[in-house]
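*Asks:* So that we are looking at the same thing, I have put the structure below in C-alpha cells.
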Amino acid sequence: MEMDLSKVGRVIGRTARVLGNALDRGFAEKGYPTTKEQLLVLFALTHSDGMNQQELAHKIFLNKASITNLLDKLERDALVRREGDPRDRRNKRVVLTPAGRDRQAELALVIEQTLSGATRGIPPDELALALRVLDKIAANTSPDFEGTGCL
C-alpha cells in the first residue's frame with residue numbers, strides 16, 4: 001500500500017495550527033499577549049541565556065531582520081536585555097530579565113496544561129514514536145535541526 005505523502009504535510013500543518021491556536025487561547029486567557037516567536041526566544045534563552053543575536057536566530061530558525069524586530073519588542077516589554085559582548089564589541093548578547101524568566105515560567109504552565117489536554121488518552125509509547133518520526137522529518141528537512149528538546 002502506497003502512502004499519500006501530501007497527507008503527511010496536511011496532518012502536520014493542521015496539528016501545528018490547532019495546537020498553536022489552543023496555546024494562543026491559553027495565553028490570552030491568562031493575559032499574556034505572546035506570539036509563538038516570542039515564546040521560542042524566551043524558551044531558547046532559558047536554556048542558553050546570553051547567546052548573541054545570530055546564534056539565537058539560528059537556533060529558532062529566524063532570519064536576522066526578524067530576530068532584530070522580535071528582540072526590539074521583547075526589550076520594550078522588559079523581557080530581554082541586549083548587552084555588549086566582552087569578546088567582540090560588534091556582537092550583542094541577549095539575556096532574559098527577571099520579568100522574562102517569570103513570563104517564561106508562567107507560559108510553561110500554560111503549555112503544560114495545553115499539551116496535557118492535547119495528549120490525553122495517548123499511550124506514552126505512541127507519543128515517543130510520534131516524536132521520533134517528527135524528529136526524522138525535521139532532520140530530513142533542515143540540516144540545522146538538533147532533535148527533540150533542541151530549545
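Following the order of the C-alpha cells, chains are lettered A, B, ..., residues in each are numbered from 1, and ligands are numbered from 1.
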Can you tell me, as a PDB file with C-alpha atoms, in the first residue's frame, what residues are no more than 6 Å from region 87-99 of chain A when counting only C-alpha atoms, ignoring any on the same chain fewer than 5 positions away?
*Replies:*
```
ATOM      1  CA  ASP A  49      20.990  32.615  28.174  1.00  0.00           C
ATOM      2  CA  GLY A  50      23.474  35.066  26.714  1.00  0.00           C
ATOM      3  CA  MET A  51      23.520  33.873  23.108  1.00  0.00           C
ATOM      4  CA  ASN A  52      24.282  36.510  20.536  1.00  0.00           C
ATOM      5  CA  LEU A  79      11.538  40.652  28.984  1.00  0.00           C
ATOM      6  CA  VAL A  80      15.038  40.590  27.472  1.00  0.00           C
ATOM      7  CA  ARG A  81      18.072  42.833  27.519  1.00  0.00           C
ATOM      8  CA  ARG A  82      20.862  43.132  24.951  1.00  0.00           C
TER       9      ARG A  82
END
```
*Asks:* Please return, as a list in words, all residues of region 19-132 of chain A that DSSP assigns to strand (DSSP E or B) on the basis of the backbone.
*Replies:*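 Residues meeting the strand (DSSP E or B) criterion: Met51, Asn52, Val80, Arg81, Arg82, Glu83, Gly84, Asp85, Asp88, Arg89, Arg90, Asn91, Lys92, Arg93, Val94, Val95 and Leu96 of chain A.
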*Asks:* Smallest atom-to-atom distance to Leu23 (chain A): which of A:Leu39, A:Ile67, A:Leu62, A:Leu56, using only C-alpha atoms?
*Replies:* A:Leu39
*Asks:* Measuring between only C-alpha atoms, which one of A:Asn140, A:Thr119, A:Ser48, A:Gln113 shows the shortest distance to Arg25 (chain A)?
*Replies:* A:Gln113
*Asks:* Calculated over only C-alpha atoms, which of the candidates A:Phe27, A:Leu19, A:Pro124, A:Ser6 has the smallest distance to Gln104 (chain A)?
*Replies:* A:Phe27
*Asks:* At a cut-off of 12 Å, using only C-alpha atoms, what residues contact Glu37 (chain A)? Leave out same-chain residues fewer than 4 positions from it and give the result as a VMD selection string.
*Replies:* chain A and resid 20 24 33 41 to 44 56 to 57 59 to 63 66 to 71 73 to 74
*Asks:* Hey, can you check how far CA of Glu83 (chain A) sits from CA of Gln54 (chain A)?
*Replies:* 13.8 Å
*Asks:* For CA of Thr46 (chain A) and CA of Asp125 (chain A), determine how far apart the two atoms are, in Å to one decimal place.
*Replies:*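 So the two atoms, CA of Thr46 (chain A) and CA of Asp125 (chain A), lie 28.1 Å apart.
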*Asks:* Hey, what's within 12 Å of Ala118 (chain A) if we count only C-alpha atoms and toss same-chain stuff fewer than 2 positions away? As a ChimeraX atom specification, please?
*Replies:* /A:15-16,18-23,111-116,120-122,127
